[in-house]
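Structure file upload_3.cif; described as mmCIF, C-alpha atoms.
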data_upload
loop_
_atom_site.group_PDB
_atom_site.id
_atom_site.type_symbol
_atom_site.label_atom_id
_atom_site.label_comp_id
_atom_site.auth_asym_id
_atom_site.auth_seq_id
_atom_site.Cartn_x
_atom_site.Cartn_y
_atom_site.Cartn_z
ATOM 1 C CA MET A 208 3.466 9.499 8.431
ATOM 2 C CA LYS A 209 1.100 8.554 5.560
ATOM 3 C CA LEU A 210 3.716 9.650 3.040
ATOM 4 C CA PHE A 211 6.373 7.456 4.699
ATOM 5 C CA PHE A 212 3.983 4.463 4.721
ATOM 6 C CA SER A 213 3.078 5.038 1.057
ATOM 7 C CA LEU A 214 6.714 5.310 -0.025
ATOM 8 C CA THR A 215 7.590 2.180 1.959
ATOM 9 C CA LEU A 216 4.720 0.287 0.317
ATOM 10 C CA VAL A 217 5.831 1.390 -3.166
ATOM 11 C CA PHE A 218 9.440 0.395 -2.454
ATOM 12 C CA VAL A 219 8.472 -3.044 -1.128
ATOM 13 C CA THR A 220 6.093 -3.633 -4.054
ATOM 14 C CA CYS A 221 8.652 -2.565 -6.678
ATOM 15 C CA SER A 222 11.471 -4.570 -5.112
ATOM 16 C CA CYS A 223 9.464 -7.771 -5.677
ATOM 17 C CA LEU A 224 9.177 -7.164 -9.417
ATOM 18 C CA ARG A 225 11.851 -8.119 -11.925
ATOM 19 C CA ASN A 226 14.289 -5.272 -12.479
ATOM 20 C CA PHE A 227 14.923 -6.234 -16.098
ATOM 21 C CA LYS A 228 13.126 -6.588 -19.400
ATOM 22 C CA ILE A 229 13.638 -9.056 -22.237
ATOM 23 C CA ILE A 230 14.101 -7.565 -25.712
ATOM 24 C CA GLN A 231 13.693 -10.035 -28.584
ATOM 25 C CA GLU A 232 16.269 -9.083 -31.204
ATOM 26 C CA ASN A 233 16.264 -11.695 -33.943
ATOM 27 C CA VAL A 234 14.677 -14.999 -34.854
ATOM 28 C CA LYS A 235 15.077 -17.608 -37.539
ATOM 29 C CA VAL A 236 13.680 -21.000 -38.378
ATOM 30 C CA GLU A 237 15.552 -23.580 -40.397
ATOM 31 C CA ILE A 238 13.438 -26.340 -41.919
ATOM 32 C CA LYS A 239 15.195 -29.712 -41.955
ATOM 33 C CA ALA A 240 12.277 -31.800 -43.308
ATOM 34 C CA PRO A 241 10.470 -29.945 -46.117
ATOM 35 C CA ASP A 242 8.500 -33.095 -46.929
ATOM 36 C CA ILE A 243 6.860 -32.823 -43.458
ATOM 37 C CA ILE A 244 6.783 -29.057 -42.793
ATOM 38 C CA GLU A 245 6.079 -26.265 -45.260
ATOM 39 C CA ASP A 246 5.463 -22.526 -45.251
ATOM 40 C CA ALA A 247 7.297 -22.026 -41.965
ATOM 41 C CA SER A 248 8.057 -18.465 -40.981
ATOM 42 C CA ILE A 249 9.063 -16.579 -37.876
ATOM 43 C CA PHE A 250 9.445 -12.839 -37.279
ATOM 44 C CA ILE A 251 9.279 -10.151 -34.598
ATOM 45 C CA ARG A 252 6.633 -7.431 -34.841
ATOM 46 C CA LYS A 253 6.586 -4.191 -32.860
ATOM 47 C CA LEU A 254 3.351 -4.177 -30.821
ATOM 48 C CA ASN A 255 3.795 -0.803 -29.121
ATOM 49 C CA ARG A 256 6.510 1.384 -27.631
ATOM 50 C CA THR A 257 7.578 -1.206 -25.066
ATOM 51 C CA PHE A 258 6.540 -4.615 -26.449
ATOM 52 C CA ASP A 259 7.582 -6.753 -29.390
ATOM 53 C CA GLY A 260 5.636 -9.835 -30.380
ATOM 54 C CA LEU A 261 7.043 -13.014 -31.838
ATOM 55 C CA ASN A 262 4.983 -14.441 -34.689
ATOM 56 C CA SER A 263 5.471 -17.864 -36.208
ATOM 57 C CA THR A 264 3.517 -20.080 -38.587
ATOM 58 C CA ALA A 265 4.027 -23.540 -40.054
ATOM 59 C CA THR A 266 2.020 -26.204 -41.812
ATOM 60 C CA PHE A 267 2.554 -29.850 -40.892
ATOM 61 C CA LYS A 268 1.795 -32.020 -43.937
ATOM 62 C CA VAL A 269 1.463 -35.259 -41.939
ATOM 63 C CA ASP A 270 0.308 -36.350 -38.496
ATOM 64 C CA LEU A 271 3.109 -36.583 -35.956
ATOM 65 C CA ASN A 272 2.775 -39.531 -33.605
ATOM 66 C CA ASP A 273 4.148 -39.849 -30.088
ATOM 67 C CA SER A 274 7.832 -39.880 -31.084
ATOM 68 C CA ILE A 275 8.470 -36.126 -30.884
ATOM 69 C CA PHE A 276 11.534 -34.892 -29.042
ATOM 70 C CA ILE A 277 12.776 -31.376 -28.352
ATOM 71 C CA THR A 278 16.220 -30.163 -27.458
ATOM 72 C CA ALA A 279 16.436 -26.719 -25.891
ATOM 73 C CA LYS A 280 19.730 -24.954 -25.291
ATOM 74 C CA SER A 281 20.642 -21.482 -24.155
ATOM 75 C CA TYR A 282 23.820 -19.559 -24.836
ATOM 76 C CA GLU A 283 25.128 -16.395 -23.203
ATOM 77 C CA LYS A 284 27.306 -13.961 -25.120
ATOM 78 C CA ARG A 285 30.595 -13.255 -23.413
ATOM 79 C CA GLY A 286 33.024 -11.155 -25.374
ATOM 80 C CA ASN A 287 32.365 -11.822 -29.056
ATOM 81 C CA LYS A 288 31.255 -15.431 -28.643
ATOM 82 C CA TYR A 289 28.171 -17.313 -27.418
ATOM 83 C CA HIS A 290 28.886 -19.911 -24.726
ATOM 84 C CA PRO A 291 26.605 -22.732 -23.502
ATOM 85 C CA SER A 292 24.667 -21.570 -20.488
ATOM 86 C CA ILE A 293 21.954 -22.552 -18.024
ATOM 87 C CA MET A 294 19.683 -24.663 -20.235
ATOM 88 C CA ASP A 295 20.597 -27.815 -22.101
ATOM 89 C CA THR A 296 17.742 -30.284 -22.109
ATOM 90 C CA LYS A 297 16.178 -32.976 -24.247
ATOM 91 C CA LEU A 298 12.604 -33.965 -23.609
ATOM 92 C CA ASP A 299 9.844 -36.144 -24.915
ATOM 93 C CA PHE A 300 7.304 -33.577 -26.135
ATOM 94 C CA CYS A 301 4.250 -35.817 -25.668
ATOM 95 C CA ALA A 302 5.281 -36.663 -22.098
ATOM 96 C CA PHE A 303 5.812 -32.920 -21.566
ATOM 97 C CA LEU A 304 2.254 -32.179 -22.700
ATOM 98 C CA LYS A 305 0.906 -34.723 -20.184
ATOM 99 C CA ASN A 306 2.919 -33.360 -17.241
ATOM 100 C CA PRO A 307 4.977 -30.253 -18.126
ATOM 101 C CA ALA A 308 6.601 -29.560 -14.748
ATOM 102 C CA LYS A 309 7.822 -33.146 -14.422
ATOM 103 C CA GLN A 310 9.590 -33.024 -17.804
ATOM 104 C CA SER A 311 11.066 -29.499 -17.742
ATOM 105 C CA LEU A 312 10.277 -26.873 -15.154
ATOM 106 C CA VAL A 313 11.865 -24.145 -17.290
ATOM 107 C CA LEU A 314 9.825 -24.924 -20.420
ATOM 108 C CA ALA A 315 6.720 -25.480 -18.281
ATOM 109 C CA LEU A 316 6.915 -21.805 -17.287
ATOM 110 C CA PHE A 317 6.737 -20.678 -20.934
ATOM 111 C CA TYR A 318 4.418 -23.183 -22.625
ATOM 112 C CA PRO A 319 1.119 -21.833 -21.198
ATOM 113 C CA THR A 320 1.944 -18.439 -22.729
ATOM 114 C CA VAL A 321 2.774 -20.088 -26.070
ATOM 115 C CA VAL A 322 -0.578 -21.925 -26.029
ATOM 116 C CA GLU A 323 -2.379 -18.696 -25.062
ATOM 117 C CA HIS A 324 -0.960 -16.909 -28.118
ATOM 118 C CA GLY A 325 -1.457 -19.673 -30.663
ATOM 119 C CA ASN A 326 -3.082 -22.913 -31.587
ATOM 120 C CA PHE A 327 -0.312 -25.233 -30.477
ATOM 121 C CA PRO A 328 -1.354 -28.757 -29.512
ATOM 122 C CA ARG A 329 -2.220 -29.741 -25.982
ATOM 123 C CA LYS A 330 -1.895 -33.511 -26.546
ATOM 124 C CA CYS A 331 -0.374 -36.071 -28.896
ATOM 125 C CA PRO A 332 -0.547 -37.215 -31.641
ATOM 126 C CA ILE A 333 -0.272 -33.873 -33.412
ATOM 127 C CA PRO A 334 -2.533 -33.802 -36.457
ATOM 128 C CA ALA A 335 -1.442 -32.389 -39.796
ATOM 129 C CA GLY A 336 -2.478 -28.768 -40.127
ATOM 130 C CA TYR A 337 -1.640 -25.103 -39.824
ATOM 131 C CA TYR A 338 -0.087 -23.939 -36.514
ATOM 132 C CA TYR A 339 0.690 -20.418 -35.364
ATOM 133 C CA ILE A 340 1.834 -18.133 -32.561
ATOM 134 C CA TYR A 341 0.810 -14.465 -32.758
ATOM 135 C CA ASN A 342 2.223 -11.628 -30.654
ATOM 136 C CA PHE A 343 4.051 -13.854 -28.176
ATOM 137 C CA ASN A 344 5.990 -11.802 -25.649
ATOM 138 C CA VAL A 345 8.286 -13.248 -23.025
ATOM 139 C CA ASN A 346 7.061 -12.791 -19.462
ATOM 140 C CA GLU A 347 9.995 -11.671 -17.316
ATOM 141 C CA GLU A 348 8.303 -13.205 -14.264
ATOM 142 C CA ALA A 349 9.183 -16.639 -15.682
ATOM 143 C CA PHE A 350 12.882 -15.812 -15.284
ATOM 144 C CA PRO A 351 14.747 -15.970 -11.985
ATOM 145 C CA PRO A 352 14.974 -12.557 -10.257
ATOM 146 C CA TYR A 353 18.787 -12.616 -10.414
ATOM 147 C CA PHE A 354 19.006 -12.973 -14.211
ATOM 148 C CA PRO A 355 22.113 -11.112 -15.527
ATOM 149 C CA ILE A 356 21.266 -7.598 -16.681
ATOM 150 C CA ASP A 357 22.985 -6.060 -19.722
ATOM 151 C CA SER A 358 23.540 -9.448 -21.330
ATOM 152 C CA ARG A 359 22.818 -11.063 -24.682
ATOM 153 C CA TRP A 360 21.424 -14.558 -25.118
ATOM 154 C CA ARG A 361 20.531 -17.089 -27.770
ATOM 155 C CA PHE A 362 17.908 -19.805 -27.323
ATOM 156 C CA VAL A 363 17.998 -22.732 -29.758
ATOM 157 C CA MET A 364 15.170 -25.241 -29.943
ATOM 158 C CA SER A 365 15.387 -28.277 -32.230
ATOM 159 C CA VAL A 366 12.385 -30.511 -32.894
ATOM 160 C CA PHE A 367 12.786 -34.152 -33.919
ATOM 161 C CA HIS A 368 10.335 -36.822 -35.065
ATOM 162 C CA HIS A 369 11.703 -40.383 -34.774
ATOM 163 C CA GLU A 370 15.187 -38.882 -34.291
ATOM 164 C CA MET A 371 14.853 -37.092 -37.662
ATOM 165 C CA PRO A 372 15.282 -33.309 -37.326
ATOM 166 C CA LEU A 373 12.174 -31.362 -38.415
ATOM 167 C CA PHE A 374 13.216 -27.780 -37.717
ATOM 168 C CA ILE A 375 15.516 -25.589 -35.636
ATOM 169 C CA THR A 376 14.358 -22.279 -34.199
ATOM 170 C CA THR A 377 16.847 -19.710 -32.915
ATOM 171 C CA ILE A 378 15.804 -16.684 -30.868
ATOM 172 C CA GLY A 379 18.261 -13.942 -29.945
ATOM 173 C CA PHE A 380 17.435 -11.599 -27.086
ATOM 174 C CA ARG A 381 19.037 -9.167 -24.713
ATOM 175 C CA VAL A 382 18.350 -8.388 -21.077
ATOM 176 C CA GLU A 383 18.197 -4.711 -20.130
ATOM 177 C CA PRO A 384 17.517 -2.876 -16.900
ATOM 178 C CA LYS A 385 13.859 -1.975 -16.546
ATOM 179 C CA GLN A 386 13.120 1.735 -16.441
ATOM 180 C CA LEU A 387 10.481 3.179 -14.144
ATOM 181 C CA TRP A 388 8.150 3.811 -17.094
ATOM 182 C CA ASP A 389 8.480 0.272 -18.554
#
As structure tokens, what does this structure read like?
Amino acid sequence: MKLFFSLTLVFVTCSCLRNFKIIQENVKVEIKAPDIIEDASIFIRKLNRTFDGLNSTATFKVDLNDSIFITAKSYEKRGNKYHPSIMDTKLDFCAFLKNPAKQSLVLALFYPTVVEHGNFPRKCPIPAGYYYIYNFNVNEEAFPPYFPIDSRWRFVMSVFHHEMPLFITTIGFRVEPKQLWD
């Protein structure tokens, strides 16, 4: 009887967890305003057998006032081509910092982890300076439980200041079934 109860408890507990993992495959940053941003880099570093960390750095040469906008789009690979998918949003970044969930529930799920792994701003204006993210890893719990397994995705985030593009970051990732030992 104890064995049956224990197995039932394990099954119920495991069924609540996400049955997939996110594997970051490639990243790139394209600077559109070198007079405002310099020394920008982004790369993926292997942290251990099961985790990769995203690392990114950039130096803002000038203060950025309240006119910062972000577009975020996702694309799913079907066949040999990426197609627009579940996310296509434009938001006022400073308004987002004041009330993240009101501006974008999806990005609000990820931003606390970004802040935890770097020195990203928590309010506007954003002062000139060096900004970084170290060892950022996507938390699968932020994704819906029915996210398509065995799929490839691309996330593109563009940042604008007064409608002028500053930079575009592209992150490629795949979704794989989670193994028991993951």
| Distance CA of Phe303 (chain A)-CA of His369 (chain A), one decimal place? |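 Pair CA of Phe303 (chain A) / CA of His369 (chain A) returns 16.3 Å.
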| message | Using only C-alpha atoms, which protein or nucleic acid residues come within 12 Å of region 309-321 of chain A? Drop anything in the same chain fewer than 5 positions from it, and give the result as a PyMOL selection string. | response | chain A and resi 260-263+276-281+293-304+326-329+338-351+362+364
| said: Residues near Ile244 (chain A), anyone? I mean within 9 Å using only C-alpha atoms, not counting same-chain ones fewer than 2 positions away, as a list in words. | reply: Ile238, Lys239, Ala240, Pro241, Asp242, Asp246, Ala247, Ala265, Thr266, Phe267, Lys268, Val269, Leu373 and Phe374 of chain A
| task | Translate the PyMOL selection byres ((chain A and resi 235) around 7), as applied to the file shown, into an explicit residue set as a VMD selection string. | result | chain A and resid 234 236 to 237 249 376 to 378
| field | Distance in Å - CA of Asn255 (chain A) versus CA of Tyr337 (chain A) | value | 27.1 Å
Taking the file above as input, evaluate the PyMOL selection byres ((chain A and resi 257) around 10) and report the hits as an mmCIF file with C-alpha atoms, keeping the file's coordinate frame.
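Saved as expr-v3.cif:
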data_model
loop_
_atom_site.group_PDB
_atom_site.id
_atom_site.type_symbol
_atom_site.label_atom_id
_atom_site.label_comp_id
_atom_site.auth_asym_id
_atom_site.auth_seq_id
_atom_site.Cartn_x
_atom_site.Cartn_y
_atom_site.Cartn_z
ATOM 1 C CA LYS A 228 13.126 -6.588 -19.400
ATOM 2 C CA ILE A 230 14.101 -7.565 -25.712
ATOM 3 C CA LYS A 253 6.586 -4.191 -32.860
ATOM 4 C CA LEU A 254 3.351 -4.177 -30.821
ATOM 5 C CA ASN A 255 3.795 -0.803 -29.121
ATOM 6 C CA ARG A 256 6.510 1.384 -27.631
ATOM 7 C CA PHE A 258 6.540 -4.615 -26.449
ATOM 8 C CA ASP A 259 7.582 -6.753 -29.390
ATOM 9 C CA TRP A 388 8.150 3.811 -17.094
ATOM 10 C CA ASP A 389 8.480 0.272 -18.554
#
| query | Which of these residues is nearest to Ile375 (chain A), using all atoms listed in the file: A:Ser248, A:Asp273, A:Gly286, A:Glu323? | reply |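 Nearest candidate to Ile375 (chain A) out of A:Ser248, A:Asp273, A:Gly286, A:Glu323: A:Ser248.
Relative to CA of Asn287 (chain A), CA of Phe380 (chain A) is found at 15.1 Å.
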| query | For Ile275 (chain A), which residue among A:Val366, A:Ile251, A:Ile229, A:Ile243 is the nearest when counting only C-alpha atoms? | reply | A:Val366
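Among the candidates A:Lys385, A:Lys305, A:Arg285, A:Arg225, the residue lying nearest to Ser358 (chain A) is A:Arg285 (atoms considered: only C-alpha atoms).
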| message | Nearest residue to His324 (chain A) out of A:Pro352, A:Thr264, A:Tyr282, A:Phe367, using only C-alpha atoms? | response |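 Comparing A:Pro352, A:Thr264, A:Tyr282, A:Phe367 against His324 (chain A), the winner is A:Thr264.
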